[in-house]
Each structure stands twice: as structure tokens, then as C-alpha cells.
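Participant: Contents are mmCIF, C-alpha atoms and all ligand atoms; file name query-v2.cif:
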data_structure
loop_
_atom_site.label_atom_id
_atom_site.label_comp_id
_atom_site.auth_asym_id
_atom_site.auth_seq_id
_atom_site.Cartn_x
_atom_site.Cartn_y
_atom_site.Cartn_z
CA MET A 224 116.77 75.47 118.97
CA SER A 225 117.67 76.23 115.39
CA ILE A 226 121.21 75.85 114.10
CA ASN A 227 122.89 79.10 113.10
CA VAL A 228 126.09 79.26 111.08
CA ALA A 229 127.57 82.76 110.60
CA ILE A 230 129.95 83.45 107.74
CA ASP A 231 131.62 86.83 107.44
CA GLY A 232 134.36 88.12 105.21
CA PRO A 233 135.30 90.72 102.61
CA ALA A 234 133.70 91.23 99.20
CA GLY A 235 134.56 88.60 96.61
CA ALA A 236 135.83 85.95 99.04
CA GLY A 237 133.32 83.46 97.62
CA LYS A 238 131.09 83.58 100.69
CA SER A 239 127.80 83.38 98.84
CA THR A 240 128.79 80.57 96.48
CA LEU A 241 130.33 78.51 99.26
CA ALA A 242 127.65 79.26 101.85
CA ARG A 243 124.89 78.36 99.37
CA ALA A 244 126.60 75.09 98.45
CA ALA A 245 127.28 74.19 102.10
CA ALA A 246 123.65 74.96 102.99
CA GLY A 247 122.54 72.65 100.16
CA ARG A 248 124.72 69.83 101.48
CA LEU A 249 123.53 70.24 105.05
CA GLY A 250 119.85 70.94 104.29
CA TYR A 251 119.91 74.44 105.80
CA ILE A 252 118.52 77.68 104.40
CA TYR A 253 121.13 80.04 102.96
CA VAL A 254 120.57 83.68 103.90
CA ASP A 255 122.48 86.29 101.90
CA THR A 256 122.26 89.47 104.01
CA GLY A 257 124.20 91.58 101.49
CA ALA A 258 121.07 91.34 99.32
CA LEU A 259 119.16 93.33 101.96
CA TYR A 260 121.69 96.20 101.91
CA ARG A 261 121.74 96.04 98.13
CA SER A 262 117.94 96.24 97.97
CA VAL A 263 117.95 99.38 100.13
CA ALA A 264 120.61 100.94 97.84
CA TYR A 265 118.59 99.96 94.78
CA TYR A 266 115.44 101.55 96.17
CA VAL A 267 117.27 104.78 97.13
CA LEU A 268 118.66 105.06 93.58
CA LYS A 269 115.27 104.26 92.08
CA MET A 270 113.73 107.08 94.10
CA GLY A 271 116.36 109.45 92.68
CA LYS A 272 118.01 110.03 96.06
CA ASP A 273 121.70 109.94 97.02
CA PRO A 274 122.77 106.76 98.87
CA LYS A 275 125.69 108.69 100.41
CA ASN A 276 123.37 111.26 101.96
CA SER A 277 122.32 109.64 105.22
CA GLY A 278 119.50 112.14 105.81
CA GLU A 279 117.91 111.28 102.44
CA VAL A 280 118.34 107.55 103.00
CA ILE A 281 116.91 107.62 106.55
CA ALA A 282 113.89 109.60 105.35
CA LEU A 283 113.09 106.83 102.85
CA LEU A 284 113.28 103.94 105.35
CA PRO A 285 109.67 104.12 106.62
CA GLY A 286 108.46 103.61 103.04
CA ILE A 287 110.60 100.51 102.45
CA ARG A 288 109.32 97.01 103.21
CA PRO A 289 112.07 94.51 102.42
CA GLU A 290 111.24 90.79 102.55
CA LEU A 291 113.23 87.62 101.98
CA LYS A 292 111.33 84.76 100.34
CA TYR A 293 112.52 81.34 99.30
CA ILE A 294 111.28 80.11 95.93
CA ASP A 295 112.40 76.54 95.08
CA GLY A 296 115.05 76.93 97.75
CA VAL A 297 116.46 80.12 96.18
CA GLN A 298 116.46 83.41 98.07
CA HIS A 299 114.56 86.29 96.48
CA VAL A 300 114.53 89.82 97.86
CA PHE A 301 111.36 91.83 97.58
CA ILE A 302 110.96 95.55 98.15
CA ASN A 303 107.38 96.65 98.66
CA GLY A 304 106.21 93.51 96.87
CA GLU A 305 108.57 93.85 93.85
CA ASP A 306 111.13 91.09 93.29
CA VAL A 307 114.39 93.06 92.93
CA SER A 308 116.75 90.06 93.09
CA GLU A 309 117.95 90.54 89.54
CA HIS A 310 118.35 94.33 89.77
CA ILE A 311 120.68 94.40 92.78
CA ARG A 312 123.73 92.75 91.21
CA THR A 313 125.13 95.70 89.23
CA SER A 314 128.41 97.35 90.26
CA GLU A 315 126.53 100.61 90.77
CA VAL A 316 124.33 98.93 93.37
CA SER A 317 127.42 97.22 94.93
CA MET A 318 129.19 100.52 95.61
CA ASN A 319 126.04 102.15 96.90
CA ALA A 320 125.16 99.17 99.10
CA SER A 321 128.49 99.72 100.82
CA ALA A 322 127.53 103.39 101.34
CA VAL A 323 124.06 102.73 102.81
CA SER A 324 125.43 99.91 104.98
CA ALA A 325 127.57 102.47 106.84
CA ILE A 326 124.42 104.23 108.10
CA PRO A 327 123.54 102.94 111.60
CA GLU A 328 119.78 103.47 111.05
CA VAL A 329 119.92 101.23 107.96
CA ARG A 330 121.68 98.48 109.93
CA GLN A 331 119.11 98.74 112.71
CA PHE A 332 116.30 98.70 110.15
CA LEU A 333 117.53 95.39 108.66
CA PHE A 334 118.44 93.77 111.99
CA ASP A 335 115.05 92.22 112.89
CA ILE A 336 114.55 90.55 109.49
CA GLN A 337 117.89 88.80 109.94
CA LYS A 338 117.25 87.86 113.59
CA ASN A 339 113.78 86.45 112.88
CA ILE A 340 114.83 84.21 110.06
CA ALA A 341 117.74 82.84 112.13
CA ALA A 342 115.52 82.22 115.17
CA ASN A 343 113.07 80.10 113.20
CA ASN A 344 115.23 78.11 110.77
CA ASP A 345 118.46 76.16 110.48
CA ILE A 346 120.48 78.66 108.48
CA ILE A 347 123.84 79.61 107.08
CA MET A 348 123.88 83.39 107.01
CA ASP A 349 126.61 85.40 105.33
CA GLY A 350 127.53 89.07 105.56
CA ARG A 351 129.99 91.34 107.35
CA ASP A 352 128.72 91.49 110.95
CA ILE A 353 126.83 88.23 111.36
CA GLY A 354 129.18 86.60 113.91
CA THR A 355 129.95 89.88 115.66
CA VAL A 356 126.57 91.66 115.82
CA VAL A 357 123.58 89.88 114.28
CA LEU A 358 124.14 86.34 115.62
CA PRO A 359 126.75 86.63 118.38
CA ASP A 360 125.50 83.26 119.77
CA ALA A 361 125.75 81.34 116.48
CA GLN A 362 126.97 77.77 117.04
CA VAL A 363 129.50 78.14 114.22
CA LYS A 364 131.31 81.28 113.08
CA ILE A 365 133.61 81.39 110.11
CA TYR A 366 135.67 84.25 108.73
CA LEU A 367 136.11 83.48 105.06
CA THR A 368 138.73 85.38 103.16
CA ALA A 369 141.28 85.33 100.34
CA SER A 370 143.94 87.83 99.28
CA ASP A 371 142.61 90.87 97.41
CA LYS A 372 144.49 89.87 94.25
CA VAL A 373 142.99 86.38 94.25
CA ARG A 374 139.53 87.85 94.85
CA ALA A 375 140.00 90.29 91.95
CA GLU A 376 141.19 87.46 89.65
CA ARG A 377 138.12 85.39 90.51
CA ARG A 378 135.81 88.35 89.97
CA CYS A 379 137.38 89.03 86.53
CA ALA A 380 136.92 85.38 85.55
CA GLU A 381 133.24 85.62 86.56
CA LEU A 382 132.72 88.79 84.52
CA ILE A 383 134.44 87.30 81.48
CA ALA A 384 132.31 84.16 81.78
CA LYS A 385 129.23 86.42 81.70
CA GLY A 386 130.58 88.08 78.53
CA GLU A 387 131.27 91.37 80.35
CA ASN A 388 134.39 93.52 80.30
CA ALA A 389 136.89 92.92 83.06
CA ASP A 390 139.87 95.14 83.70
CA PHE A 391 141.94 93.58 86.48
CA GLU A 392 143.25 96.86 87.91
CA THR A 393 139.76 98.40 88.01
CA VAL A 394 138.28 95.32 89.68
CA LEU A 395 141.13 95.21 92.21
CA GLU A 396 140.69 98.90 92.97
CA ASP A 397 136.93 98.34 93.50
CA ILE A 398 137.56 95.46 95.87
CA ARG A 399 140.13 97.45 97.86
CA ARG A 400 137.81 100.43 98.16
CA ARG A 401 134.91 98.25 99.34
CA ASP A 402 137.19 96.43 101.83
CA TYR A 403 138.34 99.76 103.19
CA ASN A 404 134.78 101.10 103.52
CA ASP A 405 133.45 97.91 105.11
CA MET A 406 136.33 97.61 107.59
CA HIS A 407 136.53 101.26 108.59
CA ARG A 408 132.93 102.27 109.08
CA GLU A 409 131.99 103.14 112.63
CA THR A 410 128.99 100.86 113.03
CA ALA A 411 129.51 97.09 112.83
CA PRO A 412 132.69 97.16 110.74
CA LEU A 413 133.85 93.99 109.06
CA LYS A 414 136.16 92.10 111.39
CA GLN A 415 136.80 88.55 112.45
CA ALA A 416 134.82 87.58 115.57
CA GLU A 417 137.09 86.35 118.35
CA ASP A 418 135.51 82.92 118.26
CA ALA A 419 135.39 82.61 114.46
CA VAL A 420 137.42 80.04 112.55
CA LEU A 421 139.57 81.63 109.84
CA LEU A 422 139.22 80.03 106.41
CA ASP A 423 141.56 81.54 103.81
CA THR A 424 140.79 80.15 100.35
CA SER A 425 143.61 81.93 98.45
CA GLU A 426 145.33 78.62 97.82
CA LEU A 427 142.23 76.42 97.59
CA ASP A 428 140.06 75.57 94.60
CA PRO A 429 136.26 75.78 94.97
CA GLU A 430 135.81 72.07 95.79
CA GLN A 431 138.57 72.15 98.42
CA SER A 432 137.10 75.32 99.93
CA LEU A 433 133.64 73.76 100.15
CA SER A 434 134.94 70.54 101.73
CA ARG A 435 136.86 72.52 104.32
CA LEU A 436 133.84 74.72 105.07
CA VAL A 437 131.49 71.74 105.52
CA GLU A 438 134.12 69.99 107.66
CA ILE A 439 134.40 73.04 109.97
CA ILE A 440 130.61 73.28 110.31
CA LYS A 441 130.15 69.56 110.98
CA SER A 442 132.88 69.54 113.61
CA ARG A 443 131.00 72.19 115.60
CA ILE A 444 127.35 71.14 115.51
O1 LIG A 501 127.95 90.74 100.34
P1 LIG A 501 127.58 91.85 99.35
O2 LIG A 501 128.69 92.26 98.45
O3 LIG A 501 126.32 91.52 98.61
O4 LIG A 501 127.24 93.11 100.29
C1 LIG A 501 126.92 94.37 99.75
C2 LIG A 501 127.34 95.45 100.74
O5 LIG A 501 126.52 95.38 101.91
C3 LIG A 501 128.78 95.37 101.23
O6 LIG A 501 129.59 96.39 100.70
C4 LIG A 501 128.73 95.55 102.72
C5 LIG A 501 127.28 95.52 103.07
N1 LIG A 501 126.93 94.46 104.03
C6 LIG A 501 127.02 94.76 105.36
O7 LIG A 501 127.44 95.86 105.71
N2 LIG A 501 126.64 93.85 106.28
C7 LIG A 501 126.19 92.65 105.91
N3 LIG A 501 125.81 91.78 106.84
C8 LIG A 501 126.13 92.31 104.55
C9 LIG A 501 126.52 93.24 103.62
#
Render the structure in this file as C-alpha cells.
Ligand code: DC
Facilitator:
Amino acid sequence: MSINVAIDGPAGAGKSTLARAAAGRLGYIYVDTGALYRSVAYYVLKMGKDPKNSGEVIALLPGIRPELKYIDGVQHVFINGEDVSEHIRTSEVSMNASAVSAIPEVRQFLFDIQKNIAANNDIIMDGRDIGTVVLPDAQVKIYLTASDKVRAERRCAELIAKGENADFETVLEDIRRRDYNDMHRETAPLKQAEDAVLLDTSELDPEQSLSRLVEIIKSRI
């Protein structure tokens, strides 16, 4: 049986960086499920439709073929054969990914891709509903979080490092709005699974967070 590690938590908690690094240390595949929701949002925008209009989004689903591929160990997301990995990281796509992810049909549509990859590989998968809905039988479940202010500070530092503008209040407001959306949607809202270990990194630096994460995983497999 393959080993499944589920990591859930709010936007900007460092899930992807930490999950990717932990997967590297343990020799597992890192699966970023947010990229799937982002790719759907990207496609809806590209087709000139409104990601907040569930009817328009649902009508597009039959024409979307999302795929996850691993190139030199790095996840790439393809939509109908086009590698969209680079295009899905804008803040416009972030907000709209949150909108499409609230549509139950979109969640159902992306469910099998996530299940299949977890059934056939040792993986660390991160998202919002991995421990609660997608992989309820995962051997390890972690709820990774940090205070919203710490998450906003880290996000600003990332933007500045990339040479982009970063206004702390705007970034904090964005994070709060996404948290609210992700935690209050009706289908598969973000919440800590009952059997998940809570890892709050507000007071930890990246190296400490990674050590703690790997320690939790190793103690449970
Ligand atoms: O992790 P991320 O920021 O790339 O995710 C983008 C959006 O997708 C986020 O607002 C919530 C949604 N999402 C989700 O609903 N379920 C997941 N398993 C992963 C992401």
C-alpha cells in the first residue's frame, strides 16, 4: 500500500514549500492540489467566462482535461495539453481559484485525479480538504497553520524578493478574505481533521518548521 501524507491549512501557511521539502527528504512525490483549482480558474478566465458564475463554470468542465505531470521531480499542471504551471500563480488566479473551489461540481471533477495519484504513489498531498475528504484514510494528517499576520508578513517578503509591490494591509486583507471563503463554503470547507496533528509555525523559522514536519511524519509511518 502506498504511503499518503495529507497536509491541510489556510493560504500562505507555507504548506507547499514545507510539503515539497519534506517530500524531497523522504523520497515521496509532492502533490499540490491547489494547482488543480487554479488551473480550472485560469481556464475559465481564458475562455472569457466568470469564475463566480457556477453555471458558466460547470458548462466548461466537460471541455477541460487537467493533468498532473512530474518533470525532473517537479509538478507541472497541464490543461488540454498546455503547461499552465507558470500562468496560475497570479493574484487574479488565486482569488478566482477560491471562487471555483466553492462549486461542488468542480470539487467532484478534480476528485479522481487526486485519488488516483495517491493510490499509486507514496505522496505528500497538500490542500484544504485532503485529510477530511480526499484522503480520509491517510496514514498521516497534518493541519499546518500560522497567524494571519505572520502569513501576510511572509507573503510580503516573498513579493519583495520577487521585485513586486507589497502593501502589508492589502496582502493581509487578501489572506483574510481567502481564509473566510475557504472556511465558510458549504462543500468541503477548510477545517482541521479530527485525527490531524496541528503544526503552528507562527513562532518557527523555515528550518525548524521542516524538522518538526518531518519528525511528525516519521513518527507515524
Ligand atoms: O493552495 P492554493 O492557494 O494554491 O489554493 C488555491 C485555492 O484553491 C484556494 O483558495 C482554495 C482552493 N483549494 C481547495 O479548495 N481545495 C484544495 N484541496 C486545494 C485548494
Participant: Neighbours of Asp405 (chain A) within 10 Å (all atoms listed in the file; same-chain residues fewer than 2 positions away dropped), as a list in words?
Facilitator: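 The residues satisfying every condition are Gly232, Pro233, Ala234, Ser321, Ala322, Ser324, Ala325, Arg351, Asp352, Arg399, Arg400, Arg401, Asp402, Tyr403, His407, Arg408, Glu409, Thr410, Ala411, Pro412, Leu413 and Lys414 of chain A.
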Participant: Tell me, in Å to one decimal, how far CA of Met348 (chain A) is from CA of Asn227 (chain A).
Facilitator: 7.5 Å
Participant: Please provide the set of residues having any atom within 9 Å of Ala389 (chain A), restricted to all atoms listed in the file, with same-chain residues fewer than 5 positions apart removed, written as a list in words.
Facilitator: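 In the requested format, the answer is Arg378, Cys379, Ala380, Glu381, Leu382, Ile383 and Val394 of chain A.
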Participant: Excluding same-chain residues fewer than 3 positions from Ala242 (chain A), what lies within 8 Å of it counting only C-alpha atoms, as a list in words?
Facilitator: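 Near neighbours after the sequence-gap exclusion: Ile230, Lys238, Ser239, Ala245, Ala246, Tyr253, Ile347, Met348 and Asp349 of chain A.
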Participant: Using all atoms listed in the file and a cutoff of 6 Å, can you tell me which residues are near (116.6, 74.6, 112.0) in the file's coordinates, and write them out as a VMD selection string?
Facilitator: chain A and resid 225 to 226 344 to 345
Participant: Please, could you write that set of residues out with C-alpha atoms as a PDB file, keeping the file's coordinate frame?
Facilitator:
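Once written, out-v4.pdb looks like this:
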ATOM      1  CA  SER A 225     117.670  76.230 115.390  1.00  0.00           C
ATOM      2  CA  ILE A 226     121.210  75.850 114.100  1.00  0.00           C
ATOM      3  CA  ASN A 344     115.230  78.110 110.770  1.00  0.00           C
ATOM      4  CA  ASP A 345     118.460  76.160 110.480  1.00  0.00           C
TER       5      ASP A 345
END
Participant: I need the residue nearest Gly278 (chain A) from this list: A:Ile326, A:Ile353, A:Lys338, A:Ile346. Use only C-alpha atoms for the distance.
Facilitator: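 Looking at the shortest contact to Gly278 (chain A), the residue is A:Ile326.
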Participant: Report as an mmCIF file with C-alpha atoms, in the frame of the given file all protein, DNA and RNA residues lying within 9 Å of Val297 (chain A), evaluated on all atoms listed in the file, omitting residues in the same chain fewer than 3 positions from it.
Facilitator:
data_model
loop_
_atom_site.group_PDB
_atom_site.id
_atom_site.type_symbol
_atom_site.label_atom_id
_atom_site.label_comp_id
_atom_site.auth_asym_id
_atom_site.auth_seq_id
_atom_site.Cartn_x
_atom_site.Cartn_y
_atom_site.Cartn_z
ATOM 1 C CA ILE A 252 118.520 77.680 104.400
ATOM 2 C CA TYR A 253 121.130 80.040 102.960
ATOM 3 C CA LYS A 292 111.330 84.760 100.340
ATOM 4 C CA TYR A 293 112.520 81.340 99.300
ATOM 5 C CA ILE A 294 111.280 80.110 95.930
#
Participant: For a test of reading the model, state the distance in Å between CA of Arg248 (chain A) and atom C1 of ligand LIG 501 (chain A), rounded to one decimal.
Facilitator: 24.7 Å
Participant: Please identify all polymer residues within 12 Å of Pro274 (chain A), counting only C-alpha atoms, omitting same-chain residues fewer than 2 positions from it, and present them as JSON, numbers by chain.
Facilitator: {"A": [260, 261, 262, 263, 264, 265, 266, 267, 268, 269, 270, 271, 272, 276, 277, 278, 279, 280, 281, 282, 283, 284, 315, 316, 317, 318, 319, 320, 321, 322, 323, 324, 325, 326, 329]}
Participant: Between A:Val420, A:Ile311, A:Leu291, A:Ala258, which is the closest to ligand LIG 501 (chain A) once you count all atoms listed in the file?
Facilitator: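 Using all atoms listed in the file, the shortest distance to ligand LIG 501 (chain A) belongs to A:Ala258.
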Participant: So what do you get for CA of Val357 (chain A) versus CA of Phe334 (chain A), distance-wise?
Facilitator: 6.8 Å
Participant: Within 10 Å of (124.6, 74.8, 118.8) in the file's own coordinates, which protein, DNA or RNA residues have an atom, counting only C-alpha atoms? List them as a ChimeraX atom specification.
Facilitator: /A:224-228,360-363,443-444
Participant: May I ask which of the residues A:Lys275, A:His299, A:Lys372, A:Arg330 is the closest one to ligand LIG 501 (chain A), counting only C-alpha atoms and all ligand atoms?
Facilitator: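 For ligand LIG 501 (chain A), the nearest of the candidates is A:Arg330.
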Participant: Compare A:Ile365, A:Val356, A:Leu421, A:Ala244 by their minimum atom-to-atom distance to ligand LIG 501 (chain A), counting all atoms listed in the file, and give me the closest one.
Facilitator: A:Val356
Participant: Could you check the closest approach to ligand LIG 501 (chain A) for each of A:Met406, A:Ala375, A:Leu249, A:Ile287 and tell me which residue wins, using all atoms listed in the file?
Facilitator: A:Met406
Participant: Name the closest residue to ligand LIG 501 (chain A) among the candidates A:Glu328, A:Glu305, A:Glu376, A:Asp255; distances are taken between atoms, counting all atoms listed in the file.
Facilitator: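 Going through A:Glu328, A:Glu305, A:Glu376, A:Asp255 one by one, the smallest distance to ligand LIG 501 (chain A) is for A:Asp255.
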